[in-house]
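J.: Coordinates in upload_17.pdb, PDB, C-alpha atoms, are listed below.
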MODEL        1
ATOM      1  CA  MET V 261      99.621  66.605 202.946  1.00  0.00           C
ATOM      2  CA  SER V 262      99.466  69.090 200.108  1.00  0.00           C
ATOM      3  CA  ILE V 263      98.688  72.815 199.825  1.00  0.00           C
ATOM      4  CA  LEU V 264      97.778  74.584 196.592  1.00  0.00           C
ATOM      5  CA  CYS V 265      97.117  78.296 196.171  1.00  0.00           C
ATOM      6  CA  VAL V 266      94.618  79.436 193.539  1.00  0.00           C
ATOM      7  CA  THR V 267      95.121  82.859 191.987  1.00  0.00           C
ATOM      8  CA  GLY V 268      93.856  84.651 188.912  1.00  0.00           C
ATOM      9  CA  THR V 269      95.063  87.015 186.243  1.00  0.00           C
ATOM     10  CA  SER V 270      92.458  89.445 187.619  1.00  0.00           C
ATOM     11  CA  THR V 271      89.090  89.484 189.305  1.00  0.00           C
ATOM     12  CA  ASP V 272      86.057  87.723 187.772  1.00  0.00           C
ATOM     13  CA  VAL V 273      88.057  85.141 185.822  1.00  0.00           C
ATOM     14  CA  GLY V 274      86.485  82.116 187.547  1.00  0.00           C
ATOM     15  CA  LYS V 275      88.738  81.430 190.550  1.00  0.00           C
ATOM     16  CA  THR V 276      85.912  80.305 192.809  1.00  0.00           C
ATOM     17  CA  VAL V 277      84.415  77.874 190.306  1.00  0.00           C
ATOM     18  CA  VAL V 278      87.878  76.491 189.495  1.00  0.00           C
ATOM     19  CA  THR V 279      88.558  76.100 193.217  1.00  0.00           C
ATOM     20  CA  ALA V 280      85.285  74.183 193.541  1.00  0.00           C
ATOM     21  CA  ALA V 281      86.177  72.006 190.536  1.00  0.00           C
ATOM     22  CA  LEU V 282      89.592  71.174 192.003  1.00  0.00           C
ATOM     23  CA  ALA V 283      87.983  70.360 195.350  1.00  0.00           C
ATOM     24  CA  ALA V 284      85.336  68.171 193.695  1.00  0.00           C
ATOM     25  CA  SER V 285      87.971  66.303 191.686  1.00  0.00           C
ATOM     26  CA  ALA V 286      90.085  65.691 194.783  1.00  0.00           C
ATOM     27  CA  LEU V 287      87.102  64.483 196.796  1.00  0.00           C
ATOM     28  CA  ALA V 288      86.105  62.123 193.975  1.00  0.00           C
ATOM     29  CA  ALA V 289      89.639  60.703 194.051  1.00  0.00           C
ATOM     30  CA  GLY V 290      89.293  59.905 197.738  1.00  0.00           C
ATOM     31  CA  LEU V 291      91.233  62.819 199.216  1.00  0.00           C
ATOM     32  CA  SER V 292      90.118  64.783 202.257  1.00  0.00           C
ATOM     33  CA  VAL V 293      89.896  68.456 201.292  1.00  0.00           C
ATOM     34  CA  ALA V 294      89.779  71.837 203.029  1.00  0.00           C
ATOM     35  CA  VAL V 295      89.410  75.250 201.391  1.00  0.00           C
ATOM     36  CA  CYS V 296      90.587  78.553 202.859  1.00  0.00           C
ATOM     37  CA  LYS V 297      89.640  82.025 201.631  1.00  0.00           C
ATOM     38  CA  PRO V 298      91.783  84.365 203.736  1.00  0.00           C
ATOM     39  CA  ALA V 299      89.802  87.509 202.919  1.00  0.00           C
ATOM     40  CA  GLN V 300      86.314  87.866 201.465  1.00  0.00           C
ATOM     41  CA  THR V 301      85.235  91.293 200.261  1.00  0.00           C
ATOM     42  CA  GLY V 302      82.061  92.775 198.833  1.00  0.00           C
ATOM     43  CA  VAL V 303      79.561  90.897 201.003  1.00  0.00           C
ATOM     44  CA  GLY V 304      77.718  91.658 204.202  1.00  0.00           C
ATOM     45  CA  ALA V 305      78.248  89.858 207.476  1.00  0.00           C
ATOM     46  CA  ASP V 306      75.412  87.383 206.893  1.00  0.00           C
ATOM     47  CA  ASP V 307      75.595  87.115 203.106  1.00  0.00           C
ATOM     48  CA  PRO V 308      76.876  84.025 201.288  1.00  0.00           C
ATOM     49  CA  GLY V 309      80.474  84.351 200.100  1.00  0.00           C
ATOM     50  CA  ASP V 310      82.799  82.483 197.781  1.00  0.00           C
ATOM     51  CA  LEU V 311      83.264  79.605 200.197  1.00  0.00           C
ATOM     52  CA  ASP V 312      79.516  79.009 200.295  1.00  0.00           C
ATOM     53  CA  GLU V 313      79.640  78.630 196.516  1.00  0.00           C
ATOM     54  CA  VAL V 314      82.610  76.255 196.748  1.00  0.00           C
ATOM     55  CA  ARG V 315      80.730  74.169 199.305  1.00  0.00           C
ATOM     56  CA  ARG V 316      77.512  74.185 197.271  1.00  0.00           C
ATOM     57  CA  LEU V 317      79.205  73.045 194.075  1.00  0.00           C
ATOM     58  CA  SER V 318      81.815  70.598 195.363  1.00  0.00           C
ATOM     59  CA  GLY V 319      80.389  69.201 198.588  1.00  0.00           C
ATOM     60  CA  VAL V 320      83.567  70.022 200.521  1.00  0.00           C
ATOM     61  CA  GLU V 321      82.756  70.297 204.221  1.00  0.00           C
ATOM     62  CA  THR V 322      85.757  72.081 205.727  1.00  0.00           C
ATOM     63  CA  VAL V 323      86.006  75.729 204.687  1.00  0.00           C
ATOM     64  CA  LEU V 324      87.644  78.635 206.481  1.00  0.00           C
ATOM     65  CA  GLU V 325      87.269  82.379 205.968  1.00  0.00           C
ATOM     66  CA  LEU V 326      89.571  84.515 208.098  1.00  0.00           C
ATOM     67  CA  ALA V 327      88.252  88.032 207.428  1.00  0.00           C
ATOM     68  CA  ARG V 328      85.288  89.677 205.711  1.00  0.00           C
ATOM     69  CA  TYR V 329      84.889  93.252 204.552  1.00  0.00           C
ATOM     70  CA  PRO V 330      81.733  94.830 203.093  1.00  0.00           C
ATOM     71  CA  GLU V 331      83.072  96.830 200.144  1.00  0.00           C
ATOM     72  CA  PRO V 332      84.177  95.112 196.887  1.00  0.00           C
ATOM     73  CA  LEU V 333      87.770  96.336 197.054  1.00  0.00           C
ATOM     74  CA  ALA V 334      91.219  94.910 197.663  1.00  0.00           C
ATOM     75  CA  PRO V 335      91.147  93.413 201.171  1.00  0.00           C
ATOM     76  CA  ASP V 336      93.614  95.844 202.744  1.00  0.00           C
ATOM     77  CA  THR V 337      91.750  98.849 201.310  1.00  0.00           C
ATOM     78  CA  ALA V 338      88.381  97.411 202.317  1.00  0.00           C
ATOM     79  CA  ALA V 339      89.640  96.757 205.842  1.00  0.00           C
ATOM     80  CA  ARG V 340      90.931 100.309 206.324  1.00  0.00           C
ATOM     81  CA  ARG V 341      87.742 101.853 204.940  1.00  0.00           C
ATOM     82  CA  ALA V 342      85.591  99.722 207.230  1.00  0.00           C
ATOM     83  CA  GLY V 343      87.778 100.386 210.270  1.00  0.00           C
ATOM     84  CA  LEU V 344      88.328  96.643 210.674  1.00  0.00           C
ATOM     85  CA  PRO V 345      91.567  94.820 211.549  1.00  0.00           C
ATOM     86  CA  LEU V 346      93.893  93.907 208.699  1.00  0.00           C
ATOM     87  CA  LEU V 347      94.889  90.299 208.342  1.00  0.00           C
ATOM     88  CA  ALA V 348      98.441  89.379 209.298  1.00  0.00           C
ATOM     89  CA  LEU V 349     100.506  87.102 207.090  1.00  0.00           C
ATOM     90  CA  ARG V 350     101.470  84.901 210.016  1.00  0.00           C
ATOM     91  CA  SER V 351      97.833  84.285 210.973  1.00  0.00           C
ATOM     92  CA  VAL V 352      97.011  83.191 207.423  1.00  0.00           C
ATOM     93  CA  VAL V 353     100.011  80.865 207.165  1.00  0.00           C
ATOM     94  CA  ASP V 354      99.294  79.333 210.577  1.00  0.00           C
ATOM     95  CA  ALA V 355      95.606  78.797 209.777  1.00  0.00           C
ATOM     96  CA  VAL V 356      96.401  77.053 206.491  1.00  0.00           C
ATOM     97  CA  ARG V 357      99.037  74.874 208.124  1.00  0.00           C
ATOM     98  CA  GLU V 358      96.477  73.792 210.718  1.00  0.00           C
ATOM     99  CA  LEU V 359      94.091  72.749 207.943  1.00  0.00           C
ATOM    100  CA  ASP V 360      96.929  70.981 206.145  1.00  0.00           C
ATOM    101  CA  ALA V 361      97.715  68.950 209.231  1.00  0.00           C
ATOM    102  CA  HIS V 362      94.278  67.312 209.056  1.00  0.00           C
ATOM    103  CA  HIS V 363      93.561  67.081 205.308  1.00  0.00           C
ATOM    104  CA  ASP V 364      95.146  65.526 202.247  1.00  0.00           C
ATOM    105  CA  LEU V 365      94.664  68.709 200.208  1.00  0.00           C
ATOM    106  CA  THR V 366      94.173  72.320 201.290  1.00  0.00           C
ATOM    107  CA  LEU V 367      93.211  74.877 198.649  1.00  0.00           C
ATOM    108  CA  VAL V 368      93.839  78.564 199.330  1.00  0.00           C
ATOM    109  CA  GLU V 369      91.830  80.940 197.142  1.00  0.00           C
ATOM    110  CA  GLY V 370      93.276  84.421 196.787  1.00  0.00           C
ATOM    111  CA  ALA V 371      91.483  87.709 196.152  1.00  0.00           C
ATOM    112  CA  GLY V 372      91.578  89.140 192.638  1.00  0.00           C
ATOM    113  CA  GLY V 373      94.994  88.897 190.978  1.00  0.00           C
ATOM    114  CA  LEU V 374      98.245  87.605 192.413  1.00  0.00           C
ATOM    115  CA  LEU V 375      99.595  90.935 193.692  1.00  0.00           C
ATOM    116  CA  VAL V 376      96.386  92.196 195.299  1.00  0.00           C
ATOM    117  CA  ARG V 377      97.224  93.269 198.835  1.00  0.00           C
ATOM    118  CA  ILE V 378      95.521  91.035 201.365  1.00  0.00           C
ATOM    119  CA  GLY V 379      96.482  92.579 204.678  1.00  0.00           C
ATOM    120  CA  ALA V 380      99.036  94.214 206.952  1.00  0.00           C
ATOM    121  CA  ARG V 381     102.251  95.518 205.346  1.00  0.00           C
ATOM    122  CA  GLY V 382     100.781  94.810 201.938  1.00  0.00           C
ATOM    123  CA  PHE V 383     101.300  91.060 201.894  1.00  0.00           C
ATOM    124  CA  THR V 384      99.942  89.209 198.871  1.00  0.00           C
ATOM    125  CA  LEU V 385      99.191  85.640 197.879  1.00  0.00           C
ATOM    126  CA  THR V 386     102.820  85.304 196.770  1.00  0.00           C
ATOM    127  CA  ASP V 387     103.850  85.855 200.396  1.00  0.00           C
ATOM    128  CA  VAL V 388     101.290  83.299 201.579  1.00  0.00           C
ATOM    129  CA  ALA V 389     102.489  80.720 199.052  1.00  0.00           C
ATOM    130  CA  ALA V 390     106.142  81.402 199.868  1.00  0.00           C
ATOM    131  CA  GLY V 391     105.448  81.127 203.603  1.00  0.00           C
ATOM    132  CA  LEU V 392     103.759  77.780 203.035  1.00  0.00           C
ATOM    133  CA  ASP V 393     106.279  76.581 200.431  1.00  0.00           C
ATOM    134  CA  ALA V 394     103.240  75.867 198.257  1.00  0.00           C
ATOM    135  CA  PRO V 395     102.767  76.102 194.494  1.00  0.00           C
ATOM    136  CA  LEU V 396      99.962  78.005 192.850  1.00  0.00           C
ATOM    137  CA  VAL V 397      97.682  77.504 189.886  1.00  0.00           C
ATOM    138  CA  LEU V 398      96.710  80.432 187.711  1.00  0.00           C
ATOM    139  CA  VAL V 399      93.122  80.906 186.569  1.00  0.00           C
ATOM    140  CA  ALA V 400      93.127  82.843 183.319  1.00  0.00           C
ATOM    141  CA  ALA V 401      90.547  84.410 181.043  1.00  0.00           C
ATOM    142  CA  ALA V 402      90.012  82.932 177.585  1.00  0.00           C
ATOM    143  CA  GLY V 403      90.091  86.022 175.366  1.00  0.00           C
ATOM    144  CA  LEU V 404      92.374  88.761 174.139  1.00  0.00           C
ATOM    145  CA  GLY V 405      94.873  90.013 176.707  1.00  0.00           C
ATOM    146  CA  THR V 406      95.176  86.751 178.596  1.00  0.00           C
ATOM    147  CA  LEU V 407      98.607  85.898 177.174  1.00  0.00           C
ATOM    148  CA  ASN V 408     100.110  89.092 178.543  1.00  0.00           C
ATOM    149  CA  HIS V 409      98.277  88.896 181.859  1.00  0.00           C
ATOM    150  CA  SER V 410      99.192  85.244 182.350  1.00  0.00           C
ATOM    151  CA  ALA V 411     102.854  85.718 181.450  1.00  0.00           C
ATOM    152  CA  LEU V 412     103.160  88.678 183.817  1.00  0.00           C
ATOM    153  CA  THR V 413     101.539  86.747 186.668  1.00  0.00           C
ATOM    154  CA  VAL V 414     103.730  83.681 186.257  1.00  0.00           C
ATOM    155  CA  ALA V 415     106.824  85.915 186.038  1.00  0.00           C
ATOM    156  CA  ALA V 416     105.837  87.709 189.254  1.00  0.00           C
ATOM    157  CA  ALA V 417     105.392  84.382 191.023  1.00  0.00           C
ATOM    158  CA  ARG V 418     108.770  83.151 189.875  1.00  0.00           C
ATOM    159  CA  GLN V 419     110.437  86.349 190.993  1.00  0.00           C
ATOM    160  CA  ALA V 420     108.975  85.744 194.445  1.00  0.00           C
ATOM    161  CA  GLY V 421     110.300  82.184 194.449  1.00  0.00           C
ATOM    162  CA  VAL V 422     106.856  80.609 194.029  1.00  0.00           C
ATOM    163  CA  ALA V 423     106.292  77.784 191.562  1.00  0.00           C
ATOM    164  CA  CYS V 424     103.300  77.827 189.234  1.00  0.00           C
ATOM    165  CA  ALA V 425     101.897  74.354 188.557  1.00  0.00           C
ATOM    166  CA  GLY V 426     100.005  75.533 185.492  1.00  0.00           C
ATOM    167  CA  THR V 427      97.155  77.600 184.122  1.00  0.00           C
ATOM    168  CA  ILE V 428      93.438  76.842 183.926  1.00  0.00           C
ATOM    169  CA  ILE V 429      90.950  78.682 181.724  1.00  0.00           C
ATOM    170  CA  GLY V 430      88.251  79.793 184.140  1.00  0.00           C
ATOM    171  CA  ALA V 431      85.345  80.129 181.701  1.00  0.00           C
ATOM    172  CA  TRP V 432      85.688  78.488 178.294  1.00  0.00           C
ATOM    173  CA  PRO V 433      82.796  79.517 176.014  1.00  0.00           C
ATOM    174  CA  GLN V 434      80.736  77.147 173.906  1.00  0.00           C
ATOM    175  CA  ASP V 435      81.697  79.040 170.741  1.00  0.00           C
ATOM    176  CA  PRO V 436      85.271  80.348 171.214  1.00  0.00           C
ATOM    177  CA  ASP V 437      86.509  82.997 168.814  1.00  0.00           C
ATOM    178  CA  LEU V 438      89.805  82.923 166.926  1.00  0.00           C
ATOM    179  CA  ALA V 439      91.788  84.650 169.679  1.00  0.00           C
ATOM    180  CA  MET V 440      90.515  82.187 172.286  1.00  0.00           C
ATOM    181  CA  ARG V 441      91.421  79.170 170.180  1.00  0.00           C
ATOM    182  CA  CYS V 442      94.911  80.578 169.563  1.00  0.00           C
ATOM    183  CA  ASN V 443      95.330  81.385 173.256  1.00  0.00           C
ATOM    184  CA  LEU V 444      94.618  77.770 174.129  1.00  0.00           C
ATOM    185  CA  ALA V 445      97.608  76.714 172.034  1.00  0.00           C
ATOM    186  CA  ASP V 446      99.867  79.646 172.951  1.00  0.00           C
ATOM    187  CA  LEU V 447      99.472  79.843 176.736  1.00  0.00           C
ATOM    188  CA  PRO V 448     101.993  77.091 177.568  1.00  0.00           C
ATOM    189  CA  ASP V 449     104.663  78.649 175.337  1.00  0.00           C
ATOM    190  CA  VAL V 450     104.068  82.181 176.616  1.00  0.00           C
ATOM    191  CA  THR V 451     103.969  81.293 180.324  1.00  0.00           C
ATOM    192  CA  GLY V 452     106.372  78.356 180.394  1.00  0.00           C
ATOM    193  CA  VAL V 453     103.903  76.307 182.466  1.00  0.00           C
ATOM    194  CA  PRO V 454     101.378  73.709 181.281  1.00  0.00           C
ATOM    195  CA  LEU V 455      97.737  74.394 180.518  1.00  0.00           C
ATOM    196  CA  LEU V 456      95.978  72.073 182.942  1.00  0.00           C
ATOM    197  CA  GLY V 457      92.459  72.372 181.573  1.00  0.00           C
ATOM    198  CA  SER V 458      89.464  74.629 181.144  1.00  0.00           C
ATOM    199  CA  VAL V 459      86.152  74.977 182.933  1.00  0.00           C
ATOM    200  CA  PRO V 460      83.094  75.550 180.725  1.00  0.00           C
ATOM    201  CA  ASP V 461      81.457  78.939 180.929  1.00  0.00           C
ATOM    202  CA  GLY V 462      78.342  78.640 183.098  1.00  0.00           C
ATOM    203  CA  ALA V 463      79.626  75.680 185.122  1.00  0.00           C
ATOM    204  CA  GLY V 464      78.869  77.591 188.311  1.00  0.00           C
ATOM    205  CA  ARG V 465      75.155  77.401 187.495  1.00  0.00           C
ATOM    206  CA  LEU V 466      75.126  73.609 187.641  1.00  0.00           C
ATOM    207  CA  ASP V 467      73.695  71.763 190.613  1.00  0.00           C
ATOM    208  CA  ARG V 468      76.114  69.823 192.782  1.00  0.00           C
ATOM    209  CA  ASP V 469      75.516  66.399 191.275  1.00  0.00           C
ATOM    210  CA  ALA V 470      76.076  67.627 187.713  1.00  0.00           C
ATOM    211  CA  PHE V 471      79.081  69.720 188.722  1.00  0.00           C
ATOM    212  CA  VAL V 472      80.794  66.902 190.612  1.00  0.00           C
ATOM    213  CA  ALA V 473      80.115  64.409 187.826  1.00  0.00           C
ATOM    214  CA  ALA V 474      81.694  66.687 185.222  1.00  0.00           C
ATOM    215  CA  ALA V 475      84.521  68.361 187.174  1.00  0.00           C
ATOM    216  CA  ALA V 476      87.329  65.851 186.712  1.00  0.00           C
ATOM    217  CA  GLY V 477      86.764  65.856 182.958  1.00  0.00           C
ATOM    218  CA  TRP V 478      87.647  69.544 182.740  1.00  0.00           C
ATOM    219  CA  PHE V 479      91.311  68.886 183.586  1.00  0.00           C
ATOM    220  CA  ASP V 480      93.939  67.211 181.441  1.00  0.00           C
ATOM    221  CA  ARG V 481      95.978  66.807 184.608  1.00  0.00           C
ATOM    222  CA  LEU V 482      95.465  67.743 188.240  1.00  0.00           C
ATOM    223  CA  PRO V 483      97.959  70.001 190.055  1.00  0.00           C
ATOM    224  CA  PHE V 484      98.134  67.854 193.180  1.00  0.00           C
ATOM    225  CA  PRO V 485      99.132  64.262 193.899  1.00  0.00           C
ATOM    226  CA  LEU V 486      96.461  61.560 193.828  1.00  0.00           C
ATOM    227  CA  PRO V 487      96.367  58.522 196.089  1.00  0.00           C
ATOM    228  CA  SER V 488      98.362  55.542 194.890  1.00  0.00           C
ATOM    229  CA  PRO V 489      96.091  52.724 193.680  1.00  0.00           C
ATOM    230  CA  THR V 490      95.881  49.797 196.047  1.00  0.00           C
ATOM    231  CA  ARG V 491      96.658  46.329 194.760  1.00  0.00           C
TER     232      ARG V 491
ENDMDL
END
Just dump the structure as structure tokens.
T.:
Amino acid sequence: MSILCVTGTSTDVGKTVVTAALAASALAAGLSVAVCKPAQTGVGADDPGDLDEVRRLSGVETVLELARYPEPLAPDTAARRAGLPLLALRSVVDAVRELDAHHDLTLVEGAGGLLVRIGARGFTLTDVAAGLDAPLVLVAAAGLGTLNHSALTVAAARQAGVACAGTIIGAWPQDPDLAMRCNLADLPDVTGVPLLGSVPDGAGRLDRDAFVAAAAGWFDRLPFPLPSPTR
């Protein structure tokens, strides 16, 4: 069994599409996959959320959302403003472990950046990853500023005792500018972790068949173990 946390350098860098691409690649390799989004914000009770998009794109069947808050804010802030219960770290860790017990790979998608507060006592995705003894992957932007943001995020994870398996560019444009092309080469040196791949900008607009067919090709390596080939 394997657990992998997916975080970003900030919000709107492509975490959900990357999560879907990782899930699609794992499913194509024959793994059973579950995806957990501990806290969804900015959507109404009956509106589609990030997990609906992951399911639509990847075909993964087992998804779990633990809390939902209507305003597009950090989960703990959104919970307090809505007068709704804050998530507890223990409930998140236990829920993910239950998924892990029944699946080959469980992906945990965070909210916004790594140190966004998810629930009670200000716990973050670093606390979730540490409690699960799970590594994370970092979804980064392509353009100016991403070297600093990525290096800071990886450093914060290390300080918390959490390993980073690598970075993934969440939306690689068709015509990258000079800074983007340099960032592609510089990210591994700046962060000290490998660049695992990049997802094309607009990939989230593909239908499922096209997305699944292309997903594995977006990664130079996958941040989770694959099944051993049978002889």
J.: What does the distance between atom CA of V:Ser292 and atom CA of V:Leu455 come to in Å, to one decimal place?
T.: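 These two atoms are separated by 25.0 Å.
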J.: Expanded to explicit residues, what is the PyMOL selection byres ((chain V and resi 270-287) around 8) for this file, as a ChimeraX atom specification?
T.: /V:266-269,288-293,295,310-311,313-315,317-320,365,367,369,371-374,399-401,428,430-431,459,463-464,471-472,475-476,482,486
J.: Mind pulling up the distance from atom CA of V:Thr451 to atom CA of V:Leu404?
T.: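 Separation of atom CA of V:Leu404 and atom CA of V:Thr451: 15.1 Å.
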J.: From the list V:Thr366, V:Thr413, V:Thr337, V:Gln434, which residue is nearest V:Leu385 when using all atoms listed in the file?
T.: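 Answer, going by the shortest atom-to-atom distance: V:Thr413.
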J.: Can you list what the PyMOL selection byres ((chain V and resi 415) around 12) grabs from this structure, as an mmCIF file with C-alpha atoms, in the coordinates of the input?
T.:
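What follows is the written file result_18.cif:
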data_model
loop_
_atom_site.group_PDB
_atom_site.id
_atom_site.type_symbol
_atom_site.label_atom_id
_atom_site.label_comp_id
_atom_site.auth_asym_id
_atom_site.auth_seq_id
_atom_site.Cartn_x
_atom_site.Cartn_y
_atom_site.Cartn_z
ATOM 1 C CA THR V 269 95.063 87.015 186.243
ATOM 2 C CA LEU V 374 98.245 87.605 192.413
ATOM 3 C CA LEU V 375 99.595 90.935 193.692
ATOM 4 C CA THR V 386 102.820 85.304 196.770
ATOM 5 C CA LEU V 398 96.710 80.432 187.711
ATOM 6 C CA ASN V 408 100.110 89.092 178.543
ATOM 7 C CA HIS V 409 98.277 88.896 181.859
ATOM 8 C CA SER V 410 99.192 85.244 182.350
ATOM 9 C CA ALA V 411 102.854 85.718 181.450
ATOM 10 C CA LEU V 412 103.160 88.678 183.817
ATOM 11 C CA THR V 413 101.539 86.747 186.668
ATOM 12 C CA VAL V 414 103.730 83.681 186.257
ATOM 13 C CA ALA V 416 105.837 87.709 189.254
ATOM 14 C CA ALA V 417 105.392 84.382 191.023
ATOM 15 C CA ARG V 418 108.770 83.151 189.875
ATOM 16 C CA GLN V 419 110.437 86.349 190.993
ATOM 17 C CA ALA V 420 108.975 85.744 194.445
ATOM 18 C CA GLY V 421 110.300 82.184 194.449
ATOM 19 C CA VAL V 422 106.856 80.609 194.029
ATOM 20 C CA ALA V 423 106.292 77.784 191.562
ATOM 21 C CA CYS V 424 103.300 77.827 189.234
ATOM 22 C CA VAL V 450 104.068 82.181 176.616
ATOM 23 C CA THR V 451 103.969 81.293 180.324
ATOM 24 C CA GLY V 452 106.372 78.356 180.394
ATOM 25 C CA VAL V 453 103.903 76.307 182.466
#
J.: Output the residue selection produced by the PyMOL selection byres ((chain V and resi 330) around 8) on the file above, formatted as number ranges by chain.
T.: V: 301-305, 328-329, 331-332, 338, 342
J.: Hey, can you check how far atom CA of V:Ala361 sits from atom CA of V:Leu264?
T.: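 Between atom CA of V:Ala361 and atom CA of V:Leu264 the gap works out to 13.8 Å.
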J.: Taking 6 positions as the minimum chain separation for residues in the same chain, which residues sit within 8 Å of V:Leu456 when counting only C-alpha atoms? Answer as a ChimeraX atom specification.
T.: /V:426-428,479-483
J.: Determine, for each residue of stretch 371-432 of chain V having at least one atom at most 8 Å from an atom of stretch 438-444 of chain V, the closest pair of atoms and their separation in Å to one decimal, counting only C-alpha atoms; order by chain and ascending number, as CSV.
T.:
residue,atom,partner,partner_atom,distance
V:Ala402,CA,V:Met440,CA,5.4
V:Gly403,CA,V:Met440,CA,4.9
V:Leu404,CA,V:Ala439,CA,6.1
V:Thr406,CA,V:Asn443,CA,7.6
V:Leu407,CA,V:Asn443,CA,6.8
J.: Which one of V:Gly391, V:Val323, V:Ala445, V:Gly379 sits closest to V:Asp336 if you count all atoms listed in the file?
T.: V:Gly379
J.: Please determine, counting all atoms listed in the file, which residue among V:Ala334, V:Thr322, V:Gly309, V:Ala473 has the shortest atom-to-atom distance to V:Asp360.
T.: V:Thr322
